[in-house]
$ cat upload.cif   # mmCIF, C-alpha atoms
data_upload
loop_
_atom_site.label_atom_id
_atom_site.label_comp_id
_atom_site.auth_asym_id
_atom_site.auth_seq_id
_atom_site.Cartn_x
_atom_site.Cartn_y
_atom_site.Cartn_z
CA MET A 1 6.91 13.33 9.50
CA PRO A 2 10.04 14.23 11.44
CA ASN A 3 8.86 17.74 12.13
CA SER A 4 5.50 16.71 13.57
CA ALA A 5 6.42 14.48 16.49
CA PRO A 6 9.77 14.72 18.22
CA ASP A 7 9.90 11.03 19.06
CA PRO A 8 7.24 9.09 17.17
CA ILE A 9 8.35 5.64 18.27
CA ALA A 10 8.41 6.36 21.96
CA ASP A 11 5.94 4.09 23.67
CA ALA A 12 5.46 6.46 26.54
CA PRO A 13 1.84 7.58 26.89
CA PRO A 14 1.07 10.77 24.94
CA PRO A 15 0.94 13.94 26.99
CA PRO A 16 -2.53 14.43 28.45
CA THR A 17 -4.48 16.97 26.46
CA ASP A 18 -8.18 17.67 26.02
CA SER A 19 -8.17 15.88 22.65
CA VAL A 20 -7.26 12.46 24.04
CA GLY A 21 -10.81 11.24 23.56
CA ARG A 22 -10.91 12.38 19.96
CA ARG A 23 -7.57 10.76 19.32
CA LEU A 24 -8.75 7.41 20.65
CA LEU A 25 -11.87 7.74 18.54
CA ALA A 26 -9.73 8.33 15.48
CA ALA A 27 -7.86 5.12 16.25
CA VAL A 28 -11.01 3.01 15.91
CA PRO A 29 -11.24 2.91 12.08
CA PHE A 30 -7.55 2.13 11.86
CA GLY A 31 -8.01 -0.72 14.33
CA VAL A 32 -10.89 -2.07 12.25
CA VAL A 33 -8.70 -2.00 9.13
CA LEU A 34 -5.93 -3.79 11.00
CA PHE A 35 -8.31 -6.48 12.21
CA GLY A 36 -9.64 -6.89 8.66
CA THR A 37 -6.08 -7.41 7.48
CA TRP A 38 -5.66 -10.04 10.18
CA LEU A 39 -8.80 -11.83 8.95
CA VAL A 40 -7.43 -11.88 5.41
CA LEU A 41 -4.04 -13.14 6.48
CA SER A 42 -5.03 -15.68 9.11
CA PRO A 43 -7.29 -18.53 8.00
CA LYS A 44 -7.81 -19.84 11.54
CA ARG A 45 -11.21 -18.83 12.87
CA ASP A 46 -11.11 -20.20 16.44
CA LEU A 47 -11.52 -17.99 19.47
CA PHE A 48 -7.83 -17.99 20.38
CA HIS A 49 -6.61 -16.71 17.02
CA LEU A 50 -9.43 -14.19 16.60
CA GLY A 51 -8.78 -12.90 20.11
CA LEU A 52 -5.07 -12.63 19.39
CA GLY A 53 -5.84 -10.65 16.24
CA ALA A 54 -8.25 -8.33 18.01
CA ALA A 55 -5.78 -7.71 20.84
CA THR A 56 -2.95 -7.02 18.40
CA ALA A 57 -5.06 -4.69 16.27
CA ALA A 58 -6.24 -2.80 19.34
CA ALA A 59 -2.74 -2.49 20.74
CA VAL A 60 -1.26 -1.22 17.48
CA ALA A 61 -4.14 1.21 16.92
CA LEU A 62 -3.79 2.60 20.44
CA LEU A 63 -0.01 2.90 20.27
CA THR A 64 -0.12 4.71 16.92
CA ALA A 65 -3.21 6.80 17.74
CA ARG A 66 -1.08 9.91 18.09
CA LEU A 67 0.29 9.50 14.58
CA VAL A 68 -3.02 8.61 12.95
CA ALA A 69 -5.06 11.35 14.59
CA GLN A 70 -2.98 14.28 13.44
CA PRO A 71 -3.03 14.80 9.70
CA PRO A 72 0.68 14.28 9.15
CA SER A 73 2.95 16.76 7.46
CA LEU A 74 1.31 15.91 4.14
CA SER A 75 -0.66 19.11 4.50
CA ALA A 76 0.73 22.34 3.14
CA PRO A 77 1.73 24.68 5.94
CA HIS A 78 0.75 27.84 4.08
CA THR A 79 -2.51 26.79 2.43
CA GLY A 80 -3.51 24.16 4.95
CA HIS A 81 -6.21 22.78 2.69
CA THR A 82 -4.79 19.38 1.88
CA SER A 83 -5.51 16.33 3.91
CA LEU A 84 -5.62 12.77 2.68
CA ARG A 85 -9.39 13.04 2.51
CA GLN A 86 -9.29 16.01 0.17
CA MET A 87 -6.89 14.41 -2.23
CA PRO A 88 -8.13 13.84 -5.79
CA TRP A 89 -8.23 10.06 -5.39
CA LEU A 90 -9.88 9.42 -8.75
CA ARG A 91 -7.16 11.18 -10.64
CA PHE A 92 -4.58 9.42 -8.49
CA VAL A 93 -6.01 6.06 -9.53
CA GLY A 94 -5.75 7.17 -13.15
CA TYR A 95 -2.09 7.98 -12.54
CA LEU A 96 -1.25 4.50 -11.33
CA PRO A 97 -1.45 2.55 -14.64
CA TRP A 98 0.83 5.09 -16.30
CA LEU A 99 3.26 4.70 -13.42
CA ALA A 100 3.11 0.89 -13.61
CA TRP A 101 3.91 1.05 -17.32
CA GLN A 102 6.83 3.35 -16.57
CA VAL A 103 8.16 0.77 -14.09
CA VAL A 104 8.15 -1.87 -16.82
CA VAL A 105 9.90 0.48 -19.26
CA ALA A 106 12.44 1.36 -16.57
CA GLY A 107 13.23 -2.28 -15.91
CA LEU A 108 13.65 -3.01 -19.60
CA GLU A 109 15.90 -0.03 -20.11
CA VAL A 110 18.17 -0.80 -17.20
CA THR A 111 18.31 -4.43 -18.32
CA TYR A 112 19.27 -3.38 -21.84
CA THR A 113 21.91 -0.96 -20.59
CA VAL A 114 23.41 -3.46 -18.20
CA LEU A 115 23.57 -6.32 -20.70
CA HIS A 116 24.94 -4.13 -23.48
CA PRO A 117 28.55 -5.18 -24.14
CA ARG A 118 29.88 -1.62 -24.10
CA LEU A 119 27.83 -0.56 -21.05
CA PRO A 120 26.55 2.69 -22.65
CA ILE A 121 26.12 4.83 -19.56
CA SER A 122 26.96 8.43 -18.89
CA PRO A 123 25.87 8.99 -15.32
CA ARG A 124 25.32 12.48 -14.00
CA ILE A 125 23.63 14.41 -11.24
CA VAL A 126 20.82 16.71 -12.31
CA ARG A 127 18.98 19.38 -10.38
CA ILE A 128 15.42 20.15 -11.38
CA THR A 129 13.07 22.66 -9.89
CA ALA A 130 9.39 21.88 -9.66
CA PRO A 131 7.13 24.19 -7.70
CA LEU A 132 4.64 21.81 -6.14
CA PRO A 133 1.93 22.78 -3.68
CA HIS A 134 2.66 20.48 -0.76
CA THR A 135 4.73 17.63 0.63
CA LEU A 136 2.53 14.86 -0.70
CA ALA A 137 2.93 16.15 -4.25
CA LYS A 138 6.69 16.33 -3.79
CA LEU A 139 6.72 12.81 -2.44
CA THR A 140 4.75 11.58 -5.43
CA LEU A 141 7.10 13.28 -7.88
CA ALA A 142 10.20 11.99 -6.10
CA ASN A 143 8.94 8.43 -6.09
CA SER A 144 7.77 8.69 -9.69
CA ILE A 145 11.21 9.90 -10.77
CA THR A 146 12.78 6.96 -8.99
CA LEU A 147 10.47 4.47 -10.67
CA THR A 148 10.81 5.79 -14.20
CA PRO A 149 13.63 4.95 -16.62
CA GLY A 150 17.19 5.96 -15.88
CA THR A 151 16.63 8.27 -12.93
CA VAL A 152 16.74 8.01 -9.13
CA THR A 153 15.81 10.83 -6.77
CA LEU A 154 18.54 11.40 -4.23
CA ASP A 155 17.36 14.36 -2.21
CA VAL A 156 14.66 17.02 -2.05
CA GLU A 157 15.22 20.46 -0.63
CA GLY A 158 12.43 22.95 -0.98
CA ASP A 159 11.42 22.89 -4.63
CA THR A 160 14.72 21.45 -5.83
CA PHE A 161 15.05 17.77 -6.63
CA LEU A 162 18.51 16.24 -6.76
CA VAL A 163 18.37 13.40 -9.28
CA HIS A 164 20.93 10.87 -10.44
CA ALA A 165 20.51 9.97 -14.11
CA LEU A 166 22.14 6.87 -15.55
CA THR A 167 22.06 8.04 -19.17
CA GLU A 168 21.89 11.30 -21.04
CA ASP A 169 18.40 10.48 -22.32
CA GLY A 170 17.11 10.14 -18.80
CA SER A 171 18.34 13.54 -17.73
CA ARG A 172 16.98 15.15 -20.90
CA ASP A 173 13.52 13.66 -20.36
CA LEU A 174 13.57 14.90 -16.82
CA GLN A 175 14.48 18.43 -17.71
CA GLY A 176 11.66 18.41 -20.28
CA GLY A 177 9.41 18.52 -17.23
CA ALA A 178 6.63 16.24 -18.48
CA MET A 179 6.46 14.34 -15.24
CA SER A 180 6.46 17.31 -12.91
CA ASP A 181 3.64 18.81 -14.99
CA ARG A 182 1.72 15.57 -14.65
CA VAL A 183 2.14 15.41 -10.89
CA SER A 184 1.43 19.10 -10.59
CA SER A 185 -1.87 18.83 -12.46
CA LEU A 186 -2.68 15.78 -10.37
CA PHE A 187 -2.74 17.88 -7.24
CA THR A 188 -3.17 21.55 -7.98
CA ALA A 189 -6.42 21.32 -9.95
CA GLY A 190 -7.89 19.15 -7.23
CA ASP A 191 -9.79 21.92 -5.45
CA ASP A 192 -12.99 21.27 -7.39
CA SER A 193 -12.85 17.51 -6.90
CA PRO A 194 -15.52 15.65 -4.91
CA GLY A 195 -14.71 15.09 -1.29
CA THR A 196 -13.88 18.63 -0.29
CA MET B 1 -2.63 -20.52 -16.70
CA ASN B 2 0.47 -22.64 -16.25
CA VAL B 3 1.98 -21.10 -19.36
CA LEU B 4 1.30 -17.56 -18.12
CA ALA B 5 2.74 -18.36 -14.70
CA THR B 6 5.84 -19.91 -16.22
CA VAL B 7 6.40 -16.92 -18.49
CA MET B 8 6.04 -14.53 -15.55
CA LEU B 9 8.43 -16.56 -13.42
CA VAL B 10 11.06 -16.82 -16.15
CA VAL B 11 10.83 -13.14 -17.11
CA GLY B 12 10.92 -12.13 -13.45
CA PHE B 13 13.99 -14.27 -12.93
CA GLY B 14 15.56 -12.63 -15.98
CA PHE B 15 15.05 -9.17 -14.48
CA ILE B 16 16.55 -10.20 -11.15
CA LEU B 17 19.51 -11.71 -12.99
CA ALA B 18 19.93 -8.47 -14.93
CA GLY B 19 19.85 -6.58 -11.63
CA VAL B 20 22.65 -8.73 -10.26
CA ILE B 21 24.72 -8.33 -13.43
CA GLY B 22 24.10 -4.60 -13.18
CA ILE B 23 25.42 -4.49 -9.64
CA LEU B 24 28.56 -6.28 -10.80
CA ARG B 25 29.16 -4.24 -13.96
CA LEU B 26 28.15 -0.69 -13.11
CA PRO B 27 30.94 1.60 -11.95
CA ASP B 28 29.73 3.24 -8.75
CA PHE B 29 27.24 3.29 -5.93
CA TYR B 30 24.72 5.60 -7.56
CA CYS B 31 24.60 3.61 -10.79
CA ARG B 32 24.15 0.41 -8.85
CA LEU B 33 21.12 1.98 -7.20
CA HIS B 34 19.44 1.93 -10.61
CA ALA B 35 20.02 -1.78 -11.02
CA MET B 36 18.81 -2.47 -7.49
CA GLY B 37 15.77 -0.25 -7.45
CA LYS B 38 14.33 -1.07 -10.84
CA CYS B 39 15.21 -4.57 -11.95
CA ASP B 40 14.60 -6.04 -8.53
CA THR B 41 11.23 -4.39 -7.99
CA LEU B 42 10.01 -5.54 -11.37
CA GLY B 43 11.53 -9.00 -11.11
CA VAL B 44 10.19 -9.76 -7.66
CA ALA B 45 6.76 -8.41 -8.59
CA LEU B 46 6.67 -10.62 -11.68
CA MET B 47 7.82 -13.73 -9.85
CA LEU B 48 5.36 -13.34 -6.99
CA GLY B 49 2.63 -12.48 -9.50
CA GLY B 50 3.48 -15.65 -11.39
CA LEU B 51 3.21 -17.68 -8.22
CA ALA B 52 -0.16 -16.04 -7.51
CA VAL B 53 -1.37 -17.02 -11.00
CA LEU B 54 -0.17 -20.56 -10.40
CA GLU B 55 -2.00 -20.65 -7.10
CA GLY B 56 -5.32 -19.43 -8.52
CA PHE B 57 -7.69 -17.19 -6.59
CA THR B 58 -7.08 -18.30 -3.01
CA LEU B 59 -6.09 -16.73 0.26
CA THR B 60 -2.49 -17.55 -0.56
CA SER B 61 -2.55 -15.60 -3.81
CA VAL B 62 -4.09 -12.61 -2.01
CA LYS B 63 -1.21 -12.75 0.44
CA LEU B 64 1.29 -12.95 -2.40
CA LEU B 65 -0.24 -9.89 -4.05
CA LEU B 66 -0.09 -8.04 -0.72
CA VAL B 67 3.62 -8.84 -0.57
CA VAL B 68 3.98 -7.41 -4.09
CA VAL B 69 2.30 -4.18 -2.97
CA PHE B 70 4.53 -3.87 0.08
CA ILE B 71 7.69 -4.55 -1.87
CA SER B 72 6.83 -2.05 -4.58
CA LEU B 73 6.33 0.54 -1.84
CA ALA B 74 9.39 -0.40 0.19
CA ASN B 75 11.93 -0.90 -2.58
CA PRO B 76 11.85 2.66 -4.03
CA THR B 77 11.84 4.00 -0.49
CA ALA B 78 14.95 2.02 0.40
CA THR B 79 16.62 3.08 -2.85
CA HIS B 80 15.89 6.69 -2.05
CA ALA B 81 17.11 6.37 1.54
CA LEU B 82 20.40 4.81 0.41
CA GLY B 83 20.96 7.45 -2.26
CA ARG B 84 20.18 10.29 0.09
CA ALA B 85 22.48 8.91 2.74
CA ALA B 86 25.26 8.71 0.15
CA VAL B 87 24.70 12.33 -0.89
CA ARG B 88 24.70 13.49 2.72
CA ALA B 89 27.90 11.55 3.37
CA GLY B 90 29.53 13.38 0.46
CA LEU B 91 30.07 10.46 -1.88
CA ARG B 92 31.15 11.76 -5.30
CA PRO B 93 29.38 10.20 -8.29
CA TRP B 94 31.42 8.53 -11.02
CA THR B 95 30.92 10.46 -14.23
CA THR B 96 32.13 10.61 -17.82
CA THR B 97 31.48 14.33 -18.22
CA GLU B 98 33.73 17.16 -17.10
CA PRO B 99 33.17 18.09 -13.47
CA GLY B 100 30.99 21.15 -13.12
CA SER B 101 29.38 20.89 -16.53
#
$ encode --input "upload.cif" --output "structure tokens"
Amino acid sequence: MPNSAPDPIADAPPPPTDSVGRRLLAAVPFGVVLFGTWLVLSPKRDLFHLGLGAATAAAVALLTARLVAQPPSLSAPHTGHTSLRQMPWLRFVGYLPWLAWQVVVAGLEVTYTVLHPRLPISPRIVRITAPLPHTLAKLTLANSITLTPGTVTLDVEGDTFLVHALTEDGSRDLQGGAMSDRVSSLFTAGDDSPGT
Amino acid sequence: MNVLATVMLVVGFGFILAGVIGILRLPDFYCRLHAMGKCDTLGVALMLGGLAVLEGFTLTSVKLLLVVVFISLANPTATHALGRAAVRAGLRPWTTTEPGS
């Protein structure tokens, strides 16, 4: 995101371009989603509260229109084929239960390590390289590493992931590359998926 | 239902407690990130999920589950931001292996 807009939180009006109309149009679905969220969260159905919700949703949608309208830096600069709409959502949904299970395993392992009387840790910093097609895939891998047992992603530069591992097992699993393969297949084979 | 909710609350509390013990026992900043990022996410998710079970299917439980979703997105992000800031600031990790190996 930082490389797309120089100052994304500035509330100054966006510079006038010929795509202003399209940008406002793109803000409409987002505003509808926001208002739906308001309806879920606010049980009061009188005119005042509904009006407040509508005004808030409209204001937020308009203020963030610039960010919503441009497909953010999730797209790959060199291939340019990935937007959120073209993502293999079905496969992504299949990835989630595995990830949730990994979160539980991670919690148990850290709990075990921490409560162990001898505190059996051997922390280290590991670099792994995973050639992934675009930023969204890198983001997914980085977050998955953080959520799985014994490892936390510290930094990403290019294809290199800087990871802190709490135990030797964690770093060995990571260098086995099972997770980067999983994330990689999640995204790279997605060209034939529906929605393109 | 009450039994399930109680189990979730107690187990969630156990994870949060383990996270706190981890912060106290682990040797350095990076290791403490593990205790923060993992035990707390799991513990808070379990406790709020337990409260949602106790509440039944109402608007309140939907709100609680939304909070769970937001926390499970925000907590790893915060963990990552802290770790990255520490790396950029040049904080050396505590380690038991020889430096450079």
$ resolve_selection --input "upload.cif" --expression "the PyMOL selection byres ((chain A) within 9 of (chain B))" --output "PDB file with C-alpha atoms, in the coordinates of the input"
ATOM      1  CA  VAL A  40      -7.430 -11.880   5.410  1.00  0.00           C
ATOM      2  CA  LEU A  41      -4.040 -13.140   6.480  1.00  0.00           C
ATOM      3  CA  SER A  42      -5.030 -15.680   9.110  1.00  0.00           C
ATOM      4  CA  PRO A  43      -7.290 -18.530   8.000  1.00  0.00           C
ATOM      5  CA  VAL A 103       8.160   0.770 -14.090  1.00  0.00           C
ATOM      6  CA  VAL A 104       8.150  -1.870 -16.820  1.00  0.00           C
ATOM      7  CA  ALA A 106      12.440   1.360 -16.570  1.00  0.00           C
ATOM      8  CA  GLY A 107      13.230  -2.280 -15.910  1.00  0.00           C
ATOM      9  CA  LEU A 108      13.650  -3.010 -19.600  1.00  0.00           C
ATOM     10  CA  VAL A 110      18.170  -0.800 -17.200  1.00  0.00           C
ATOM     11  CA  THR A 111      18.310  -4.430 -18.320  1.00  0.00           C
ATOM     12  CA  TYR A 112      19.270  -3.380 -21.840  1.00  0.00           C
ATOM     13  CA  THR A 113      21.910  -0.960 -20.590  1.00  0.00           C
ATOM     14  CA  VAL A 114      23.410  -3.460 -18.200  1.00  0.00           C
ATOM     15  CA  LEU A 115      23.570  -6.320 -20.700  1.00  0.00           C
ATOM     16  CA  LEU A 119      27.830  -0.560 -21.050  1.00  0.00           C
ATOM     17  CA  ILE A 121      26.120   4.830 -19.560  1.00  0.00           C
ATOM     18  CA  SER A 122      26.960   8.430 -18.890  1.00  0.00           C
ATOM     19  CA  PRO A 123      25.870   8.990 -15.320  1.00  0.00           C
ATOM     20  CA  ARG A 124      25.320  12.480 -14.000  1.00  0.00           C
ATOM     21  CA  ILE A 125      23.630  14.410 -11.240  1.00  0.00           C
ATOM     22  CA  ALA A 142      10.200  11.990  -6.100  1.00  0.00           C
ATOM     23  CA  ASN A 143       8.940   8.430  -6.090  1.00  0.00           C
ATOM     24  CA  THR A 146      12.780   6.960  -8.990  1.00  0.00           C
ATOM     25  CA  LEU A 147      10.470   4.470 -10.670  1.00  0.00           C
ATOM     26  CA  THR A 148      10.810   5.790 -14.200  1.00  0.00           C
ATOM     27  CA  PRO A 149      13.630   4.950 -16.620  1.00  0.00           C
ATOM     28  CA  GLY A 150      17.190   5.960 -15.880  1.00  0.00           C
ATOM     29  CA  THR A 151      16.630   8.270 -12.930  1.00  0.00           C
ATOM     30  CA  VAL A 152      16.740   8.010  -9.130  1.00  0.00           C
ATOM     31  CA  THR A 153      15.810  10.830  -6.770  1.00  0.00           C
ATOM     32  CA  LEU A 154      18.540  11.400  -4.230  1.00  0.00           C
ATOM     33  CA  ASP A 155      17.360  14.360  -2.210  1.00  0.00           C
ATOM     34  CA  VAL A 156      14.660  17.020  -2.050  1.00  0.00           C
ATOM     35  CA  HIS A 164      20.930  10.870 -10.440  1.00  0.00           C
ATOM     36  CA  ALA A 165      20.510   9.970 -14.110  1.00  0.00           C
ATOM     37  CA  LEU A 166      22.140   6.870 -15.550  1.00  0.00           C
TER      38      LEU A 166
END
$ atom_distance --input "upload.cif" --atom1 "CA of Gly31 in chain A" --atom2 "CA of Ala55 in chain A"
9.8 Å
$ atom_distance --input "upload.cif" --atom1 "CA of Ala26 in chain A" --atom2 "CA of Thr135 in chain A"
22.7 Å
$ atom_distance --input "upload.cif" --atom1 "CA of Gly53 in chain A" --atom2 "CA of Ala27 in chain A"
15.9 Å
$ closest_residue --input "upload.cif" --among "B:Phe29, B:Leu46, B:Leu91, B:Val3" --to "Val67 in chain B" --atoms "all atoms listed in the file"
B:Leu46
$ residues_around --input "upload.cif" --residues "Tyr95 in chain A" --least-positions-apart "2" --cutoff "12 Å" --atoms "all atoms listed in the file" --output "number ranges by chain"
A: 88-93, 97-102, 140-141, 144, 179, 182-187
$ closest_residue --input "upload.cif" --among "A:Leu96, A:Val105, A:Val60, A:Ala130" --to "Val33 in chain A" --atoms "only C-alpha atoms"
A:Val60
$ closest_residue --input "upload.cif" --among "B:Ala89, B:Ala5, B:Met47, B:Val10" --to "Val68 in chain B" --atoms "only C-alpha atoms"
B:Met47
$ closest_residue --input "upload.cif" --among "A:Thr56, A:Ser180, A:Thr64, A:Thr37" --to "Pro133 in chain A" --atoms "only C-alpha atoms"
A:Ser180
$ decode --input "upload.cif" --residues "range 88-142 of chain A" --atoms "C-alpha atoms" --output "JSON list (two decimals), in the first residue's frame"
[["chain", "number", "residue", "atom", "x", "y", "z"],
["A", 88, "PRO", "CA", -9.01, -18.42, -6.29],
["A", 89, "TRP", "CA", -11.48, -17.82, -3.47],
["A", 90, "LEU", "CA", -12.65, -21.43, -3.29],
["A", 91, "ARG", "CA", -9.17, -22.73, -2.70],
["A", 92, "PHE", "CA", -8.59, -19.92, -0.22],
["A", 93, "VAL", "CA", -11.62, -21.06, 1.78],
["A", 94, "GLY", "CA", -10.19, -24.58, 1.77],
["A", 95, "TYR", "CA", -6.95, -23.17, 3.17],
["A", 96, "LEU", "CA", -8.64, -21.58, 6.16],
["A", 97, "PRO", "CA", -9.50, -24.72, 8.22],
["A", 98, "TRP", "CA", -5.92, -25.94, 7.89],
["A", 99, "LEU", "CA", -4.72, -22.55, 9.07],
["A", 100, "ALA", "CA", -7.15, -22.54, 12.00],
["A", 101, "TRP", "CA", -5.88, -25.95, 13.07],
["A", 102, "GLN", "CA", -2.32, -24.68, 12.84],
["A", 103, "VAL", "CA", -3.26, -21.80, 15.16],
["A", 104, "VAL", "CA", -4.48, -24.28, 17.76],
["A", 105, "VAL", "CA", -1.32, -26.38, 17.42],
["A", 106, "ALA", "CA", 0.79, -23.22, 17.71],
["A", 107, "GLY", "CA", -0.95, -22.17, 20.90],
["A", 108, "LEU", "CA", -0.53, -25.61, 22.43],
["A", 109, "GLU", "CA", 3.13, -25.75, 21.52],
["A", 110, "VAL", "CA", 3.97, -22.34, 22.90],
["A", 111, "THR", "CA", 2.01, -23.17, 26.04],
["A", 112, "TYR", "CA", 3.92, -26.42, 26.47],
["A", 113, "THR", "CA", 7.27, -24.73, 25.89],
["A", 114, "VAL", "CA", 6.52, -21.90, 28.27],
["A", 115, "LEU", "CA", 5.26, -24.11, 31.09],
["A", 116, "HIS", "CA", 8.09, -26.62, 30.72],
["A", 117, "PRO", "CA", 10.32, -26.34, 33.80],
["A", 118, "ARG", "CA", 13.54, -26.21, 31.78],
["A", 119, "LEU", "CA", 12.16, -23.80, 29.15],
["A", 120, "PRO", "CA", 13.42, -25.85, 26.16],
["A", 121, "ILE", "CA", 13.94, -23.09, 23.62],
["A", 122, "SER", "CA", 16.71, -22.47, 21.17],
["A", 123, "PRO", "CA", 15.68, -19.29, 19.39],
["A", 124, "ARG", "CA", 17.21, -18.36, 16.08],
["A", 125, "ILE", "CA", 16.68, -16.20, 13.03],
["A", 126, "VAL", "CA", 16.10, -18.05, 9.78],
["A", 127, "ARG", "CA", 16.03, -16.78, 6.23],
["A", 128, "ILE", "CA", 13.91, -18.64, 3.72],
["A", 129, "THR", "CA", 13.42, -17.91, 0.08],
["A", 130, "ALA", "CA", 10.06, -18.52, -1.52],
["A", 131, "PRO", "CA", 9.45, -17.29, -5.05],
["A", 132, "LEU", "CA", 5.82, -16.22, -4.96],
["A", 133, "PRO", "CA", 3.96, -14.54, -7.79],
["A", 134, "HIS", "CA", 2.67, -11.39, -6.12],
["A", 135, "THR", "CA", 2.30, -9.39, -2.94],
["A", 136, "LEU", "CA", -0.92, -11.02, -1.80],
["A", 137, "ALA", "CA", 0.73, -14.45, -1.89],
["A", 138, "LYS", "CA", 3.67, -13.12, 0.10],
["A", 139, "LEU", "CA", 1.32, -11.58, 2.62],
["A", 140, "THR", "CA", -0.51, -14.88, 3.00],
["A", 141, "LEU", "CA", 2.71, -16.80, 3.52],
["A", 142, "ALA", "CA", 4.05, -14.26, 6.01]]
